[in-house]
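Take a look at the structure below.
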Amino acid sequence: MNTCKAALRIAWQHKLYLLIYMVGLGTLMLVMGSSAISSNDGSGSGVDSFQVATPRIAVINTDGGALGDGLRDYLAQTSTIVTLHDDAQSLQDAVARNDVDLIATIPAGYSSRFEEAAANGERPPTINTAVSYTSGKGSLAKIDVDGYFTQLRNTLSSGLRADMTSAVDYTVQQGARSDLRAGITVVQTKSQSGKSLSNGFGMVMKLSIYPLFTALTVCVSLLIGVFNSRETSRRITASPLRSFIFSGQQLLACLLIGLICWVLYSGATLALIAPHNPGFSALSPGEVALPVITQLVFTLVAIAFGYMLGQFRISTSAANGIAVALGLVLMFTSGAAFDPSVMPEVMVILGKLTPGWWFSVSVDQALGISTASHTGASLSGWFQALGLVAAFGFAFLCVGLAAGRFRTTHPGTMAPAVTQLTELG
């Protein structure tokens, strides 16, 4: 296990790459995805209420009768009553300064005209109203004013209450019983809550493409590149250690690094959804476990790709460039950053040629979201997409092993060029 320990020490000496790519980019992706989880609470017990805005209303009772006082009491159940002086300047200033949303003025003699119209079955006369120009609450409050006069007219016309005072009292009492101030309650069912949390959880899992692929590609290729340097390769070739044992220990060290990255990211993701999924009330254990397994397989694919690059002896700067560029391509063509339904056809075709697309499809099939929103969650669909992701990793590993085998069996190809001096004369 000396080779594995040496590989881990090399990786620790270059831990800055893990901090930049895995911790830095991983934190960024988690912050981006946490907003989706927080806005879609999956607890299944959350209740949101929509409260109607309270308008500010002034009632000017020039008539001085019970009808105006009743209007004030009726509107006080749903509005804030504002007291204004009954003069033109005060009313104009209140509207100009937006101190009120609605001013209702009952003219003198209105009660008798209203009572006469109700007795004859005619349409009652209108009152003077002034609505604020900056808010729609005044226009909505005017509906309550019309409702008051409609109920009062019906009460008088039906003979339920003979005189104006008793009719007004009855109308105000009916308004109080109907609970006009009650808000609109929106109750989210468990299935709806689970679907909301599935979307947020799936988004965070799919965004792991970038930090995992970039960090592991850079770190693994750098690690393998150190062992494949010319001086180190000569010593390894001359050692009695068999090549497959040496390669196996290298891969073991790479797997340990990859598992650490996977545990960090998946653990942070599960910590994000834990407050919204107590006791698996919104997402079942299977719905949580399948995307995590998909992420583990993708981690192995990233390790295999980094191993392949390292076997080709590319420089550290080149590995950084390839990892960052391909990481962005995977994220933007896989459906992690954008919904596939809004992506151009070219990007979809390109994405299907990469493991990132099938990684996202596997997560979708596990949770029944995005590309699987119409068909729902499917275990067979998840397994098929996961198999394609694993196939990419197997192909990368085979290419890397073939490159390493070729270099071992053809040591002359890695011998440094030697300048030979020739004597003349």
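Ordering of the structure tokens sets the chain letters (A, B, ...); residue numbers start at 1 within each chain; ligands are numbered from 1 in the order shown.
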Could you pull the residues within 8 Å of A:Gly202, counting only C-alpha atoms, minus those fewer than 6 positions along the same chain, as an mmCIF file with C-alpha atoms, in the first residue's frame?
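Final output, around-v6.cif:
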data_model
loop_
_atom_site.group_PDB
_atom_site.id
_atom_site.type_symbol
_atom_site.label_atom_id
_atom_site.label_comp_id
_atom_site.auth_asym_id
_atom_site.auth_seq_id
_atom_site.Cartn_x
_atom_site.Cartn_y
_atom_site.Cartn_z
ATOM 1 C CA PRO A 291 -30.136 10.579 -6.782
ATOM 2 C CA VAL A 363 -31.950 12.170 -11.366
ATOM 3 C CA ASP A 364 -35.157 13.178 -13.187
ATOM 4 C CA LEU A 367 -37.695 11.995 -8.708
ATOM 5 C CA ILE A 369 -39.201 15.871 -12.436
#
Shell of 9 Å around A:Val59, only C-alpha atoms, local chain residues under 4 positions omitted, as JSON, numbers by chain: {"A": [68, 69, 71, 72, 81, 82, 83, 84, 102, 103, 104, 105, 106]}
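Closest approach to A:Asp73 among A:Asp169, A:Met203, A:Ile37, A:Leu8: A:Asp169, based on only C-alpha atoms.
Comparing the minimum interatomic distances between A:Arg407 and each of A:Gly387, A:Leu212, A:Asn199, A:Phe312, counting only C-alpha atoms, we find that A:Phe312 sits nearest.
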All alpha helix (DSSP H) positions in stretch 282-316 of chain A, as a VMD selection string: chain A and resid 285 to 311 316
Non-local contacts of A:Arg56 (12 Å; only C-alpha atoms; under 4 positions in same chain excluded) as a ChimeraX atom specification: /A:72,75-84,94-95,98-104,131-132,135-142
Those residues with N, CA, C and O atoms, as a compact mmCIF listing (two decimals), in the first residue's frame please?
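Okay, again_26.txt is ready:
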# COMPACT_ATOMS: atom_id res chain seq x y z
N ARG A 72 -70.06 53.49 8.01
CA ARG A 72 -68.76 53.55 8.68
C ARG A 72 -68.50 52.27 9.48
O ARG A 72 -67.40 51.71 9.46
N LEU A 75 -67.82 49.26 7.01
CA LEU A 75 -66.50 49.29 6.38
C LEU A 75 -65.38 49.08 7.39
O LEU A 75 -64.29 48.61 7.03
N ALA A 76 -65.62 49.40 8.65
CA ALA A 76 -64.58 49.22 9.68
C ALA A 76 -64.21 47.76 9.87
O ALA A 76 -63.15 47.44 10.41
N GLN A 77 -65.06 46.83 9.41
CA GLN A 77 -64.77 45.40 9.53
C GLN A 77 -63.67 44.96 8.57
O GLN A 77 -63.00 43.96 8.81
N THR A 78 -63.50 45.69 7.49
CA THR A 78 -62.51 45.30 6.47
C THR A 78 -61.50 46.40 6.17
O THR A 78 -60.55 46.16 5.43
N SER A 79 -61.71 47.59 6.71
CA SER A 79 -60.88 48.73 6.34
C SER A 79 -60.46 49.52 7.57
O SER A 79 -60.98 49.32 8.67
N THR A 80 -59.52 50.43 7.33
CA THR A 80 -59.12 51.37 8.37
C THR A 80 -59.85 52.69 8.13
O THR A 80 -59.70 53.30 7.06
N ILE A 81 -60.65 53.10 9.11
CA ILE A 81 -61.44 54.33 8.96
C ILE A 81 -60.57 55.53 9.34
O ILE A 81 -59.98 55.57 10.43
N VAL A 82 -60.50 56.49 8.43
CA VAL A 82 -59.71 57.71 8.62
C VAL A 82 -60.69 58.87 8.83
O VAL A 82 -61.67 59.01 8.10
N THR A 83 -60.41 59.69 9.83
CA THR A 83 -61.26 60.85 10.13
C THR A 83 -60.73 62.09 9.41
O THR A 83 -59.55 62.43 9.56
N LEU A 84 -61.58 62.73 8.65
CA LEU A 84 -61.22 63.95 7.91
C LEU A 84 -62.23 65.04 8.21
O LEU A 84 -63.40 64.77 8.52
N ALA A 94 -56.08 65.36 1.38
CA ALA A 94 -55.99 63.94 1.75
C ALA A 94 -55.79 63.07 0.52
O ALA A 94 -55.00 62.11 0.54
N VAL A 95 -56.49 63.41 -0.57
CA VAL A 95 -56.32 62.63 -1.80
C VAL A 95 -54.96 62.91 -2.43
O VAL A 95 -54.27 62.00 -2.91
N ASN A 98 -52.22 61.20 -0.63
CA ASN A 98 -52.45 59.76 -0.56
C ASN A 98 -52.64 59.29 0.88
O ASN A 98 -52.18 58.24 1.28
N ASP A 99 -53.33 60.13 1.68
CA ASP A 99 -53.63 59.74 3.06
C ASP A 99 -54.76 58.73 3.14
O ASP A 99 -54.91 58.04 4.15
N VAL A 100 -55.59 58.67 2.13
CA VAL A 100 -56.72 57.74 2.10
C VAL A 100 -56.76 57.07 0.73
O VAL A 100 -56.24 57.59 -0.25
N ASP A 101 -57.38 55.89 0.71
CA ASP A 101 -57.59 55.19 -0.55
C ASP A 101 -58.97 55.46 -1.14
O ASP A 101 -59.17 55.32 -2.34
N LEU A 102 -59.92 55.82 -0.28
CA LEU A 102 -61.28 56.09 -0.75
C LEU A 102 -61.96 57.07 0.21
O LEU A 102 -61.82 56.95 1.43
N ILE A 103 -62.65 58.05 -0.38
CA ILE A 103 -63.49 58.97 0.40
C ILE A 103 -64.93 58.78 -0.07
O ILE A 103 -65.22 58.93 -1.26
N ALA A 104 -65.82 58.40 0.85
CA ALA A 104 -67.24 58.22 0.55
C ALA A 104 -68.02 59.34 1.23
O ALA A 104 -67.99 59.47 2.47
N VAL A 131 -61.47 58.20 -5.31
CA VAL A 131 -60.53 57.08 -5.18
C VAL A 131 -59.11 57.58 -5.38
O VAL A 131 -58.84 58.43 -6.24
N SER A 132 -58.17 57.05 -4.58
CA SER A 132 -56.76 57.43 -4.70
C SER A 132 -56.22 57.02 -6.07
O SER A 132 -56.54 55.96 -6.60
N SER A 135 -53.29 53.77 -5.88
CA SER A 135 -53.53 52.43 -5.35
C SER A 135 -54.82 51.87 -5.89
O SER A 135 -55.78 52.61 -6.13
N GLY A 136 -54.84 50.56 -6.06
CA GLY A 136 -56.06 49.88 -6.48
C GLY A 136 -56.93 49.46 -5.32
O GLY A 136 -58.04 48.96 -5.51
N LYS A 137 -56.43 49.70 -4.08
CA LYS A 137 -57.22 49.29 -2.91
C LYS A 137 -58.50 50.10 -2.79
O LYS A 137 -59.51 49.61 -2.30
N GLY A 138 -58.45 51.37 -3.23
CA GLY A 138 -59.65 52.18 -3.16
C GLY A 138 -60.75 51.67 -4.07
O GLY A 138 -61.93 51.66 -3.70
N SER A 139 -60.35 51.21 -5.27
CA SER A 139 -61.34 50.67 -6.20
C SER A 139 -61.97 49.40 -5.65
O SER A 139 -63.17 49.16 -5.80
N LEU A 140 -61.15 48.58 -4.99
CA LEU A 140 -61.69 47.36 -4.39
C LEU A 140 -62.59 47.69 -3.20
O LEU A 140 -63.60 47.02 -2.96
N ALA A 141 -62.21 48.73 -2.44
CA ALA A 141 -63.04 49.12 -1.30
C ALA A 141 -64.40 49.65 -1.74
O ALA A 141 -65.40 49.51 -1.02
N LYS A 142 -64.45 50.24 -2.92
CA LYS A 142 -65.72 50.75 -3.43
C LYS A 142 -66.72 49.61 -3.63
O LYS A 142 -67.94 49.80 -3.55
Atom CA of A:Ser157 to atom CA of A:Ala58, straight-line distance in Å: 27.8 Å
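Relative to atom CA of A:Ser34, atom CA of A:Leu256 is found at 27.3 Å.
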Selected residue, from A:Ala318, A:Leu259, A:Ile273, A:Val301, that lies nearest to A:Cys398 when counting only C-alpha atoms: A:Val301
Within 6 Å of A:Val389 using only C-alpha atoms, minus same-chain residues under 2 positions, as a list in words: Pro355, Trp358, Leu386, Gly387, Ala391 and Phe392 of chain A
Those residues with N, CA and C atoms, as a JSON list (two decimals), in the first residue's frame please?
[["chain", "number", "residue", "atom", "x", "y", "z"],
["A", 355, "PRO", "N", -21.81, 12.42, -20.59],
["A", 355, "PRO", "CA", -22.39, 11.75, -19.41],
["A", 355, "PRO", "C", -23.25, 12.67, -18.56],
["A", 358, "TRP", "N", -27.12, 12.27, -19.24],
["A", 358, "TRP", "CA", -27.71, 11.05, -18.70],
["A", 358, "TRP", "C", -27.68, 11.05, -17.17],
["A", 386, "LEU", "N", -28.61, 5.53, -15.61],
["A", 386, "LEU", "CA", -27.42, 5.33, -14.78],
["A", 386, "LEU", "C", -26.43, 4.41, -15.47],
["A", 387, "GLY", "N", -26.94, 3.41, -16.20],
["A", 387, "GLY", "CA", -26.05, 2.52, -16.94],
["A", 387, "GLY", "C", -25.27, 3.25, -18.02],
["A", 391, "ALA", "N", -21.28, 3.69, -18.37],
["A", 391, "ALA", "CA", -20.59, 3.30, -19.61],
["A", 391, "ALA", "C", -19.55, 4.34, -20.02],
["A", 392, "PHE", "N", -19.87, 5.62, -19.84],
["A", 392, "PHE", "CA", -18.88, 6.67, -20.12],
["A", 392, "PHE", "C", -17.66, 6.50, -19.23]]
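For A:Leu270, the list of residues within 12 Å, based on only C-alpha atoms and with local chain neighbours fewer than 6 positions off taken out, reads Leu30, Ser34, Ile37, Leu197, Gly200, Phe201, Gly202, Val204, Met205, Trp262, Val263, Leu264, His276, Asn277, Pro278, Phe280, Leu283, Pro285, Glu287, Val288, Ala289, Pro291 and Val292 of chain A.
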Spatial neighbours of A:Gly376, 9 Å, only C-alpha atoms, chain gap at least 2 places, as a VMD selection string: chain A and resid 364 to 369 372 to 374 378
Who sits within 12 Å of A:Val346, only C-alpha atoms, same chain under 5 positions skipped, as a list in words: Phe332, Thr333, Pro340, Gly351, Lys352 and Leu353 of chain A
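Straight-line separation from atom CA of A:Ile293 to atom CA of A:Ala377: 15.4 Å.
Each of A:Val324, A:Ile57, A:Ser315, A:Gly393 was checked against A:Ile20 using only C-alpha atoms; the smallest atom-to-atom distance is that of A:Val324.
Distances to A:Tyr110 were evaluated for A:Val361, A:Leu255, A:Val172, A:Ala66 using only C-alpha atoms, and the minimum falls at A:Ala66.
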From A:Met308, A:Ala130, A:Ala215, A:Ala119, residue lying nearest A:Leu91 [only C-alpha atoms]: A:Ala130
